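Novice: Quick one, start.txt (compact mmCIF, C-alpha atoms):
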```txt
# COMPACT_ATOMS: atom_id res chain seq x y z
CA MET Z 578 0.00 0.00 0.00
CA LYS Z 579 1.26 3.47 -0.92
CA CYS Z 580 0.98 6.75 0.96
CA THR Z 581 -1.95 8.80 -0.33
CA ARG Z 582 0.08 12.04 -0.09
CA CYS Z 583 3.60 11.15 -1.27
CA ARG Z 584 3.30 7.63 -2.79
CA ALA Z 585 6.00 6.21 -0.47
CA LYS Z 586 5.30 2.90 1.30
CA ALA Z 587 2.38 3.38 3.71
CA GLU Z 588 2.74 2.43 7.38
CA VAL Z 589 -0.87 3.03 8.34
CA GLN Z 590 -4.16 2.42 6.60
CA LEU Z 591 -7.30 4.43 7.40
CA ARG Z 592 -10.32 2.67 5.90
CA ALA Z 593 -12.77 5.36 6.98
CA HIS Z 594 -10.87 7.88 4.86
CA ASN Z 595 -9.91 5.38 2.11
CA ALA Z 596 -6.32 6.51 2.64
CA GLY Z 597 -2.88 5.28 3.65
CA PHE Z 598 0.06 7.25 5.00
CA CYS Z 599 3.79 6.94 5.54
CA ARG Z 600 5.04 8.12 8.94
CA PRO Z 601 5.87 11.77 8.10
CA CYS Z 602 2.64 12.23 6.15
CA TYR Z 603 0.58 10.57 8.91
CA LEU Z 604 1.98 12.93 11.54
CA PHE Z 605 1.18 15.85 9.24
CA TYR Z 606 -2.34 14.50 8.62
CA PHE Z 607 -3.08 13.93 12.33
CA LYS Z 608 -1.89 17.36 13.38
CA ARG Z 609 -3.93 18.95 10.62
CA GLN Z 610 -7.06 17.05 11.72
CA VAL Z 611 -6.68 18.49 15.22
CA GLU Z 612 -5.99 21.99 13.89
CA ARG Z 613 -9.09 21.77 11.70
CA ALA Z 614 -11.26 20.70 14.64
CA ILE Z 615 -9.96 23.57 16.77
CA ALA Z 616 -10.49 26.12 14.02
CA GLY Z 617 -13.77 24.68 12.70
CA GLU Z 618 -15.44 24.67 16.11
CA ARG Z 619 -13.65 27.84 17.32
CA MET Z 620 -12.48 25.91 20.37
CA PHE Z 621 -9.89 28.39 21.61
CA ALA Z 622 -7.58 31.19 20.58
CA PRO Z 623 -3.74 31.14 20.72
CA ALA Z 624 -3.62 33.50 23.72
CA GLU Z 625 -5.93 31.41 25.91
CA ARG Z 626 -4.66 29.24 28.77
CA LEU Z 627 -5.55 25.58 28.35
CA LEU Z 628 -5.89 23.00 31.11
CA VAL Z 629 -5.45 19.57 29.51
CA ALA Z 630 -6.93 16.65 31.45
CA VAL Z 631 -4.39 13.82 31.19
CA SER Z 632 -4.84 10.22 32.28
CA GLY Z 633 -1.50 8.78 31.16
CA GLY Z 634 -3.32 7.09 28.26
CA LYS Z 635 -2.78 7.48 24.53
CA ASP Z 636 -5.54 9.99 23.80
CA SER Z 637 -4.80 12.64 26.40
CA LEU Z 638 -1.02 12.43 25.96
CA ALA Z 639 -1.29 12.53 22.15
CA LEU Z 640 -3.55 15.55 22.46
CA TRP Z 641 -1.22 17.34 24.87
CA ASP Z 642 1.69 16.57 22.53
CA VAL Z 643 -0.09 18.08 19.52
CA LEU Z 644 -1.24 21.18 21.40
CA ALA Z 645 2.25 21.80 22.78
CA GLU Z 646 3.72 21.28 19.29
CA LEU Z 647 1.24 23.80 17.91
CA GLY Z 648 2.48 26.33 20.46
CA TYR Z 649 -0.54 26.58 22.74
CA ASP Z 650 -0.17 27.55 26.41
CA THR Z 651 -0.93 24.21 28.06
CA THR Z 652 -0.89 22.85 31.60
CA GLY Z 653 -1.67 19.20 32.32
CA LEU Z 654 -4.04 18.05 35.04
CA TYR Z 655 -3.72 14.50 36.34
CA LEU Z 656 -6.33 13.12 38.75
CA GLY Z 657 -5.12 10.33 41.02
CA LEU Z 658 -8.11 8.00 41.09
CA GLY Z 659 -6.57 5.58 43.59
CA ILE Z 660 -7.11 2.51 41.43
CA GLY Z 661 -4.11 0.54 42.71
CA THR Z 662 -1.26 -0.28 40.36
CA TYR Z 663 -3.18 1.09 37.39
CA SER Z 664 -3.24 4.57 38.92
CA GLU Z 665 0.41 4.36 39.99
CA LEU Z 666 1.46 3.45 36.45
CA SER Z 667 -0.72 6.04 34.74
CA HIS Z 668 0.54 8.73 37.12
CA ALA Z 669 4.13 7.80 36.31
CA LYS Z 670 3.42 8.01 32.55
CA ALA Z 671 1.86 11.47 32.89
CA VAL Z 672 4.73 12.76 35.03
CA GLN Z 673 7.35 11.33 32.69
CA PHE Z 674 5.65 12.85 29.64
CA ALA Z 675 5.49 16.30 31.26
CA GLU Z 676 9.08 16.19 32.53
CA ARG Z 677 10.54 15.12 29.18
CA ARG Z 678 8.85 18.02 27.42
CA GLY Z 679 9.24 20.56 30.20
CA LEU Z 680 5.48 21.03 30.44
CA PRO Z 681 3.70 21.99 33.69
CA LEU Z 682 1.58 19.26 35.30
CA ARG Z 683 -0.81 19.61 38.23
CA VAL Z 684 -1.76 16.55 40.24
CA VAL Z 685 -4.89 16.13 42.37
CA ALA Z 686 -5.25 12.94 44.42
CA LEU Z 687 -8.88 12.08 45.13
CA GLU Z 688 -7.96 10.61 48.50
CA ASP Z 689 -6.88 14.09 49.61
CA GLU Z 690 -10.20 15.65 48.63
CA ALA Z 691 -13.66 15.94 50.27
CA THR Z 692 -14.64 12.27 50.38
CA GLY Z 693 -11.20 11.25 51.63
CA LEU Z 694 -11.65 8.22 49.43
CA ALA Z 695 -10.55 7.08 46.01
CA VAL Z 696 -12.82 5.70 43.27
CA PRO Z 697 -12.93 2.01 44.33
CA ALA Z 698 -13.94 2.85 47.91
CA VAL Z 699 -16.55 5.39 46.80
CA ALA Z 700 -18.04 2.92 44.32
CA ALA Z 701 -18.14 0.16 46.94
CA LEU Z 702 -19.70 2.35 49.63
CA THR Z 703 -22.37 3.82 47.35
CA ARG Z 704 -22.86 0.63 45.30
CA ARG Z 705 -22.58 2.68 42.14
CA PRO Z 706 -20.81 1.37 39.03
CA PRO Z 707 -17.15 2.47 39.38
CA CYS Z 708 -17.32 4.38 36.06
CA SER Z 709 -20.31 6.37 37.31
CA ALA Z 710 -18.63 7.39 40.59
CA CYS Z 711 -15.40 8.09 38.71
CA GLY Z 712 -17.15 10.30 36.13
CA THR Z 713 -18.89 12.39 38.80
CA MET Z 714 -15.66 12.90 40.73
CA LYS Z 715 -13.62 13.66 37.62
CA ARG Z 716 -16.06 16.26 36.30
CA HIS Z 717 -16.10 18.08 39.62
CA HIS Z 718 -12.34 18.16 40.03
CA PHE Z 719 -11.74 19.15 36.41
CA ASP Z 720 -14.11 22.11 36.82
CA ALA Z 721 -12.69 23.06 40.23
CA ALA Z 722 -9.07 22.90 39.03
CA ALA Z 723 -9.83 24.96 35.91
CA LEU Z 724 -11.54 27.60 38.02
CA ALA Z 725 -8.88 27.67 40.75
CA GLY Z 726 -6.06 27.91 38.20
CA GLY Z 727 -7.70 30.72 36.22
CA PHE Z 728 -7.70 28.71 32.99
CA ASP Z 729 -9.80 29.75 30.00
CA VAL Z 730 -10.53 26.30 28.64
CA LEU Z 731 -10.63 22.69 29.83
CA VAL Z 732 -9.42 20.33 27.10
CA THR Z 733 -10.16 16.60 27.15
CA GLY Z 734 -8.95 13.75 24.94
CA HIS Z 735 -12.35 12.30 24.01
CA ASN Z 736 -11.98 10.75 20.56
CA LEU Z 737 -14.37 9.73 17.79
CA ASP Z 738 -14.95 6.29 19.31
CA ASP Z 739 -15.78 7.83 22.69
CA GLU Z 740 -18.21 10.23 21.09
CA ALA Z 741 -19.84 7.56 18.90
CA ALA Z 742 -20.25 5.20 21.88
CA ARG Z 743 -21.66 7.99 24.03
CA LEU Z 744 -24.05 8.95 21.25
CA MET Z 745 -25.20 5.36 20.89
CA GLY Z 746 -25.85 5.13 24.64
CA ASN Z 747 -27.73 8.43 24.66
CA VAL Z 748 -29.84 7.44 21.65
CA LEU Z 749 -30.66 3.98 22.97
CA ARG Z 750 -32.14 5.61 26.06
CA TRP Z 751 -33.27 8.81 24.31
CA GLN Z 752 -31.53 10.94 26.91
CA LYS Z 753 -32.61 14.27 25.50
CA ASP Z 754 -30.73 16.44 27.96
CA HIS Z 755 -27.53 14.48 27.33
CA LEU Z 756 -28.03 14.69 23.56
CA ALA Z 757 -28.55 18.44 23.92
CA ARG Z 758 -25.12 18.76 25.52
CA GLN Z 759 -23.17 16.31 23.35
CA ARG Z 760 -21.02 18.73 21.42
CA PRO Z 761 -17.28 19.19 20.84
CA VAL Z 762 -17.50 22.60 22.51
CA LEU Z 763 -19.49 23.30 25.67
CA PRO Z 764 -19.60 27.01 26.38
CA ALA Z 765 -19.24 28.21 29.96
CA THR Z 766 -22.84 28.39 31.21
CA HIS Z 767 -21.91 29.77 34.64
CA PRO Z 768 -19.16 32.11 35.87
CA LYS Z 769 -17.54 29.17 37.69
CA PHE Z 770 -17.47 26.95 34.61
CA VAL Z 771 -14.85 27.25 31.89
CA ARG Z 772 -15.39 26.27 28.27
CA LYS Z 773 -14.87 22.55 27.64
CA VAL Z 774 -13.57 21.28 24.34
CA LYS Z 775 -12.70 17.98 22.65
CA PRO Z 776 -10.22 18.55 19.82
CA LEU Z 777 -9.96 14.80 19.03
CA TYR Z 778 -13.70 14.31 18.48
CA LEU Z 779 -13.27 13.39 14.81
CA VAL Z 780 -10.16 11.18 15.08
CA SER Z 781 -10.51 7.53 15.99
CA GLU Z 782 -8.86 5.67 18.82
CA TYR Z 783 -6.76 3.86 16.26
CA GLU Z 784 -5.56 7.19 14.88
CA THR Z 785 -4.57 8.57 18.29
CA ALA Z 786 -2.81 5.30 19.16
CA VAL Z 787 -0.87 5.44 15.88
CA TYR Z 788 0.10 9.07 16.52
CA ALA Z 789 1.26 8.23 20.06
CA PHE Z 790 3.26 5.25 18.76
CA MET Z 791 4.90 7.22 15.97
CA ARG Z 792 5.79 10.08 18.32
CA GLY Z 793 7.35 7.67 20.80
CA ILE Z 794 4.88 8.61 23.55
CA ASP Z 795 5.14 6.17 26.43
CA TYR Z 796 1.50 5.75 27.48
CA ILE Z 797 -0.30 3.25 29.67
CA VAL Z 798 -1.50 0.40 27.45
CA ASP Z 799 -3.28 -1.48 30.22
CA GLU Z 800 -7.01 -0.99 30.52
CA CYS Z 801 -8.54 0.42 33.68
CA PRO Z 802 -9.48 -2.68 35.73
CA ASN Z 803 -12.82 -1.09 36.59
CA ALA Z 804 -13.81 -0.72 32.94
CA ALA Z 805 -14.48 -4.45 32.45
CA GLY Z 806 -18.15 -4.86 31.60
CA ALA Z 807 -18.75 -1.13 31.16
CA ALA Z 808 -21.56 -0.29 28.74
CA GLN Z 809 -19.30 2.04 26.77
CA LEU Z 810 -17.04 -0.90 25.80
CA LEU Z 811 -20.05 -2.86 24.58
CA TYR Z 812 -21.16 0.08 22.42
CA LYS Z 813 -17.64 0.44 21.06
CA ASP Z 814 -17.59 -3.22 20.10
CA VAL Z 815 -20.92 -2.95 18.27
CA LEU Z 816 -19.74 0.18 16.48
CA ASN Z 817 -16.45 -1.44 15.50
CA ARG Z 818 -18.33 -4.35 13.93
CA LEU Z 819 -20.43 -1.89 11.95
CA GLU Z 820 -17.26 -0.04 10.97
CA VAL Z 821 -15.68 -3.22 9.55
CA ALA Z 822 -18.77 -3.85 7.43
CA SER Z 823 -19.07 -0.23 6.38
CA PRO Z 824 -15.96 1.92 6.91
CA GLY Z 825 -16.78 5.49 7.88
CA THR Z 826 -19.89 4.57 9.88
CA LYS Z 827 -18.65 6.04 13.17
CA LEU Z 828 -17.54 9.28 11.55
CA ALA Z 829 -20.86 9.69 9.74
CA PHE Z 830 -22.83 8.82 12.89
CA VAL Z 831 -21.17 11.56 14.93
CA LYS Z 832 -20.82 14.18 12.20
CA GLU Z 833 -24.40 13.84 11.01
CA PHE Z 834 -25.72 13.92 14.57
CA LEU Z 835 -23.86 17.17 15.17
CA ARG Z 836 -25.06 18.62 11.85
CA THR Z 837 -28.70 17.56 11.88
CA GLY Z 838 -29.74 16.01 15.20
CA GLN Z 839 -27.96 17.89 17.94
CA PRO Z 840 -29.34 21.36 17.07
CA ALA Z 841 -32.88 20.03 17.58
CA PHE Z 842 -32.04 18.61 21.01
CA ALA Z 843 -30.18 21.79 21.94
CA GLN Z 844 -33.51 23.62 21.80
CA VAL Z 845 -34.71 21.63 24.79
CA GLU Z 846 -34.88 24.16 27.56
CA ARG Z 847 -32.70 23.54 30.54
CA GLU Z 848 -32.69 25.30 33.87
CA GLU Z 849 -29.70 27.61 34.36
CA PRO Z 850 -27.23 26.31 36.96
CA HIS Z 851 -26.95 28.08 40.29
CA ASP Z 852 -24.47 27.75 43.16
CA CYS Z 853 -24.23 24.43 44.99
CA GLU Z 854 -24.93 24.80 48.70
CA GLY Z 855 -22.11 22.38 49.45
CA CYS Z 856 -19.13 23.52 47.39
CA GLY Z 857 -20.33 26.65 45.60
CA MET Z 858 -19.74 25.15 42.16
CA PRO Z 859 -22.58 25.22 39.61
CA ALA Z 860 -25.49 22.86 40.35
CA TYR Z 861 -28.88 22.02 38.88
CA GLY Z 862 -30.35 21.17 42.31
CA THR Z 863 -29.60 22.30 45.85
CA LEU Z 864 -26.41 20.25 45.72
CA CYS Z 865 -24.22 19.41 42.74
CA ALA Z 866 -23.78 15.75 41.75
CA TYR Z 867 -20.38 15.66 43.44
CA CYS Z 868 -21.64 16.98 46.78
CA ARG Z 869 -24.57 14.54 46.67
CA LEU Z 870 -22.00 11.78 46.22
CA VAL Z 871 -19.85 13.14 49.07
CA ARG Z 872 -22.87 13.28 51.42
CA GLU Z 873 -23.85 9.75 50.47
CA VAL Z 874 -20.31 8.50 51.12
CA GLN Z 875 -20.10 10.30 54.46
CA GLY Z 876 -23.53 8.99 55.52
CA LYS Z 877 -22.71 5.41 54.61
CA ALA Z 878 -19.25 5.57 56.16
CA ALA Z 879 -20.79 6.87 59.41
CA THR Z 880 -23.39 4.09 59.40
CA ARG Z 881 -20.67 1.51 58.84
CA GLY Z 882 -18.59 2.99 61.63
CA ALA Z 883 -21.56 2.89 64.00
CA SER Z 884 -22.35 -0.73 63.08
CA ALA Z 885 -18.72 -1.70 63.65
CA LEU Z 886 -18.80 -0.12 67.12
CA ALA Z 887 -22.14 -1.70 68.08
CA MET U 249 5.58 -16.69 14.57
CA ARG U 250 5.28 -15.28 18.07
CA VAL U 251 2.44 -12.82 18.62
CA HIS U 252 2.56 -10.73 21.78
CA LEU U 253 -0.89 -9.49 22.75
CA HIS U 254 -1.27 -6.27 24.74
CA PRO U 255 -2.79 -5.34 27.11
CA GLN U 256 -3.52 -9.03 27.74
CA HIS U 257 0.20 -9.66 28.38
CA ARG U 258 -0.11 -12.96 26.55
CA THR U 259 1.93 -14.54 23.77
CA VAL U 260 0.59 -16.97 21.19
CA GLU U 261 2.54 -19.08 18.69
CA ILE U 262 1.20 -19.42 15.17
CA ALA U 263 2.80 -21.73 12.63
CA GLY U 264 3.53 -20.43 9.13
CA ARG U 265 3.48 -17.01 7.45
CA ARG U 266 0.39 -14.82 7.41
CA ARG U 267 -0.84 -11.55 6.01
CA VAL U 268 -1.67 -9.13 8.84
CA ALA U 269 -5.40 -9.25 7.99
CA GLN U 270 -5.37 -13.06 8.22
CA LEU U 271 -3.43 -12.97 11.45
CA LEU U 272 -5.91 -10.59 13.08
CA ALA U 273 -8.87 -12.67 11.94
CA GLU U 274 -7.24 -15.81 13.31
CA ILE U 275 -6.74 -14.32 16.77
CA GLY U 276 -10.19 -12.71 16.76
CA VAL U 277 -9.16 -9.06 16.57
CA LEU U 278 -11.26 -6.67 14.48
CA PRO U 279 -9.36 -4.51 11.96
CA GLY U 280 -8.92 -0.97 13.26
CA THR U 281 -9.02 -2.02 16.91
CA ALA U 282 -5.33 -2.87 17.29
CA MET U 283 -1.96 -1.82 15.95
CA VAL U 284 0.28 -4.54 14.58
CA ILE U 285 3.88 -3.65 15.39
CA ARG U 286 7.06 -5.27 14.05
CA GLY U 287 10.14 -3.74 15.66
CA ASP U 288 9.53 -0.01 15.54
CA LEU U 289 7.26 -0.10 12.50
CA LEU U 290 3.51 -0.49 12.08
CA LEU U 291 2.18 -3.01 9.60
CA THR U 292 -0.79 -2.53 7.27
CA ASP U 293 -3.27 -5.34 6.52
CA GLY U 294 -1.50 -6.49 3.37
CA GLU U 295 1.95 -6.93 4.94
CA VAL U 296 3.24 -10.46 5.47
CA VAL U 297 4.61 -11.70 8.79
CA GLU U 298 7.05 -14.57 8.34
CA ASP U 299 7.06 -17.75 10.41
CA ASP U 300 10.25 -16.80 12.27
CA GLU U 301 9.18 -13.24 13.14
CA GLU U 302 7.71 -11.64 16.26
CA VAL U 303 4.99 -9.02 16.25
CA GLU U 304 3.05 -7.14 18.89
CA VAL U 305 -0.72 -6.74 18.57
CA ARG U 306 -1.58 -3.76 20.74
CA ALA U 307 -5.26 -3.00 21.33
CA VAL U 308 -6.29 0.62 20.99
CA ILE U 309 -9.66 0.50 22.73
CA SER U 310 -10.07 2.16 26.05
CA GLY U 311 -13.15 3.17 27.91
CA GLY U 312 -15.57 2.89 30.72
CA ALA U 313 -15.96 6.60 31.36
CA ALA U 314 -19.42 7.68 32.43
```
What do you get writing this file as structure tokens?
Specialist:
Amino acid sequence: MKCTRCRAKAEVQLRAHNAGFCRPCYLFYFKRQVERAIAGERMFAPAERLLVAVSGGKDSLALWDVLAELGYDTTGLYLGLGIGTYSELSHAKAVQFAERRGLPLRVVALEDEATGLAVPAVAALTRRPPCSACGTMKRHHFDAAALAGGFDVLVTGHNLDDEAARLMGNVLRWQKDHLARQRPVLPATHPKFVRKVKPLYLVSEYETAVYAFMRGIDYIVDECPNAAGAAQLLYKDVLNRLEVASPGTKLAFVKEFLRTGQPAFAQVEREEPHDCEGCGMPAYGTLCAYCRLVREVQGKAATRGASALA
Amino acid sequence: MRVHLHPQHRTVEIAGRRRVAQLLAEIGVLPGTAMVIRGDLLLTDGEVVEDDEEVEVRAVISGGAA
């Protein structure tokens, strides 16, 4: 197979684009895809300060690498989820990446925060799926860190596969409010929120993995042990089977949703957020989702403590 | 050939030469869900892996986020 751009021997084949690339042309292509997404969706301007959420995985580190290469003012944010060896390894990868490139990295350990507990303990106490507890905690700490650091934008490494799987889950349950907010750019809807953007929303997991490999990025290959059985992985598998039968399906699913479906859902009226009585961050009820989780954890921990003493 | 599977941390032995596409089908990996790596190079579906070679099949799927 030959490179679509220069006719040299191709090292990567992208069926969805009916294209193949050699290494230099692939790196050019990938960077251009990200630049196009940033410009096309007006995600941020060169002068803005970006907080990049990094997990130590391929997507977030590839994204941080591209943004730094493009000259943006970036700071990494790593959340220590307390998931045993997996978290230790992913933390080490994020730190190593930042040190090698001389990029600033902030680290927040969940065990040092309000619940005093990491994801596995919170999930066990509340009997929530680990991914649900993790998502609630992550969203809160991303918002809080962006606000505290005075950043203009929070950047995440969600890729095309993430967006297609999320869309499938939202459609299967017709979650109108979620569909209304599924966009590559979420404007700040409250003075304590910053804009949230996903510059990788049109590049596949395979493409980010290839970029990370070609750039020599040392990322964590192991899967989060809590992800086994997660619905998102099932949706990804279904979508990948569709993609094999009809290349380009995932891209069309997401792009056409954003072009034709999402604007209709966006018209669904939603209450404006106000200040959470617990932490002061934006909330759609008296308490934000994070503070509800914290209260639940504290209540259950107290009950357990009392039972142990009885 | 020796095929190292990641993140499973498992190695399988397959006798004879194979095209990458055949190899992936044989080990039950969908195209586009894993990189096939020989040394420091990626292989496309049409490349041939010889009987005496080693390759890494590295999955690219991650997830579970709410």
Novice: Go ahead and find all residues with at least one atom no further than 8 Å from (-17.2, 21.0, 50.1) in the file's coordinates, using only C-alpha atoms; report them as an NGL selection string.
Specialist: :Z and (691 or 855-857 or 868)
Novice: Taking all atoms listed in the file into account, what are the residues of chain Z at most 7 Å from chain U, put as a list of chain:residue names?
Specialist: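 The complete set of qualifying residues is Z:Glu588, Z:Val589, Z:Gln590, Z:Cys708, Z:Ser709, Z:Gly712, Z:Glu782, Z:Tyr783, Z:Ala786, Z:Val798, Z:Asp799, Z:Glu800, Z:Ala804, Z:Ala807, Z:Gln809, Z:Leu810, Z:Val821.
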Novice: Output C-alpha atoms for every residue in the selection just made, as a PDB file, keeping the file's coordinate frame.
Specialist:
```pdb
ATOM      1  CA  GLU Z 588       2.740   2.430   7.380  1.00  0.00           C
ATOM      2  CA  VAL Z 589      -0.870   3.030   8.340  1.00  0.00           C
ATOM      3  CA  GLN Z 590      -4.160   2.420   6.600  1.00  0.00           C
ATOM      4  CA  CYS Z 708     -17.320   4.380  36.060  1.00  0.00           C
ATOM      5  CA  SER Z 709     -20.310   6.370  37.310  1.00  0.00           C
ATOM      6  CA  GLY Z 712     -17.150  10.300  36.130  1.00  0.00           C
ATOM      7  CA  GLU Z 782      -8.860   5.670  18.820  1.00  0.00           C
ATOM      8  CA  TYR Z 783      -6.760   3.860  16.260  1.00  0.00           C
ATOM      9  CA  ALA Z 786      -2.810   5.300  19.160  1.00  0.00           C
ATOM     10  CA  VAL Z 798      -1.500   0.400  27.450  1.00  0.00           C
ATOM     11  CA  ASP Z 799      -3.280  -1.480  30.220  1.00  0.00           C
ATOM     12  CA  GLU Z 800      -7.010  -0.990  30.520  1.00  0.00           C
ATOM     13  CA  ALA Z 804     -13.810  -0.720  32.940  1.00  0.00           C
ATOM     14  CA  ALA Z 807     -18.750  -1.130  31.160  1.00  0.00           C
ATOM     15  CA  GLN Z 809     -19.300   2.040  26.770  1.00  0.00           C
ATOM     16  CA  LEU Z 810     -17.040  -0.900  25.800  1.00  0.00           C
ATOM     17  CA  VAL Z 821     -15.680  -3.220   9.550  1.00  0.00           C
TER      18      VAL Z 821
END
```
Novice: As an exercise, work out the distance from CA of Val730 (chain Z) to CA of Pro764 (chain Z) in Å and give it to one decimal place.
Specialist: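 For CA of Val730 (chain Z) relative to CA of Pro764 (chain Z), the distance reads 9.4 Å.
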Novice: Measure the distance from CA of Arg704 (chain Z) to CA of Leu811 (chain Z) in Å and round it to one decimal.
Specialist: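 Between CA of Arg704 (chain Z) and CA of Leu811 (chain Z) the gap is 21.2 Å.
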Novice: To one decimal place in Å, what is the distance between CA of Lys769 (chain Z) and CA of Ala639 (chain Z)?
Specialist: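 Rounded to one decimal, the two atoms are 28.0 Å apart.
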Novice: Write out as a list in words each polymer residue whose atoms come within 7 Å of region 609-624 of chain Z, counting all atoms listed in the file; drop sequence neighbours fewer than 5 positions from it.
Specialist: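 Surrounding residues, per the criterion: Tyr649, Val762, Val774, Pro776 and Leu777 of chain Z.
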Novice: Contacts of Ala829 (chain Z) at 10 Å or less, counting all atoms listed in the file, minus same-chain residues fewer than 6 places along, as a PyMOL selection string?
Specialist: chain Z and resi 593+741+779+835
Novice: Choose the residue, out of U:Arg250, U:Gly264, U:Val277, U:Ala269, that has the smallest atom-to-atom separation from Asn817 (chain Z); count only C-alpha atoms.
Specialist: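 Among the listed residues, U:Val277 lies closest to Asn817 (chain Z).
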Novice: Which of these, Z:Leu864, Z:Val815, Z:Leu870, Z:Val845, has the shortest distance to Lys753 (chain Z) once you count all atoms listed in the file?
Specialist: Z:Val845
Novice: Could you name the residues that touch Arg265 (chain U) at 7 Å or less, counting only C-alpha atoms, but leaving out those on the same chain fewer than 3 positions away, as a ChimeraX atom specification?
Specialist: /U:296-299
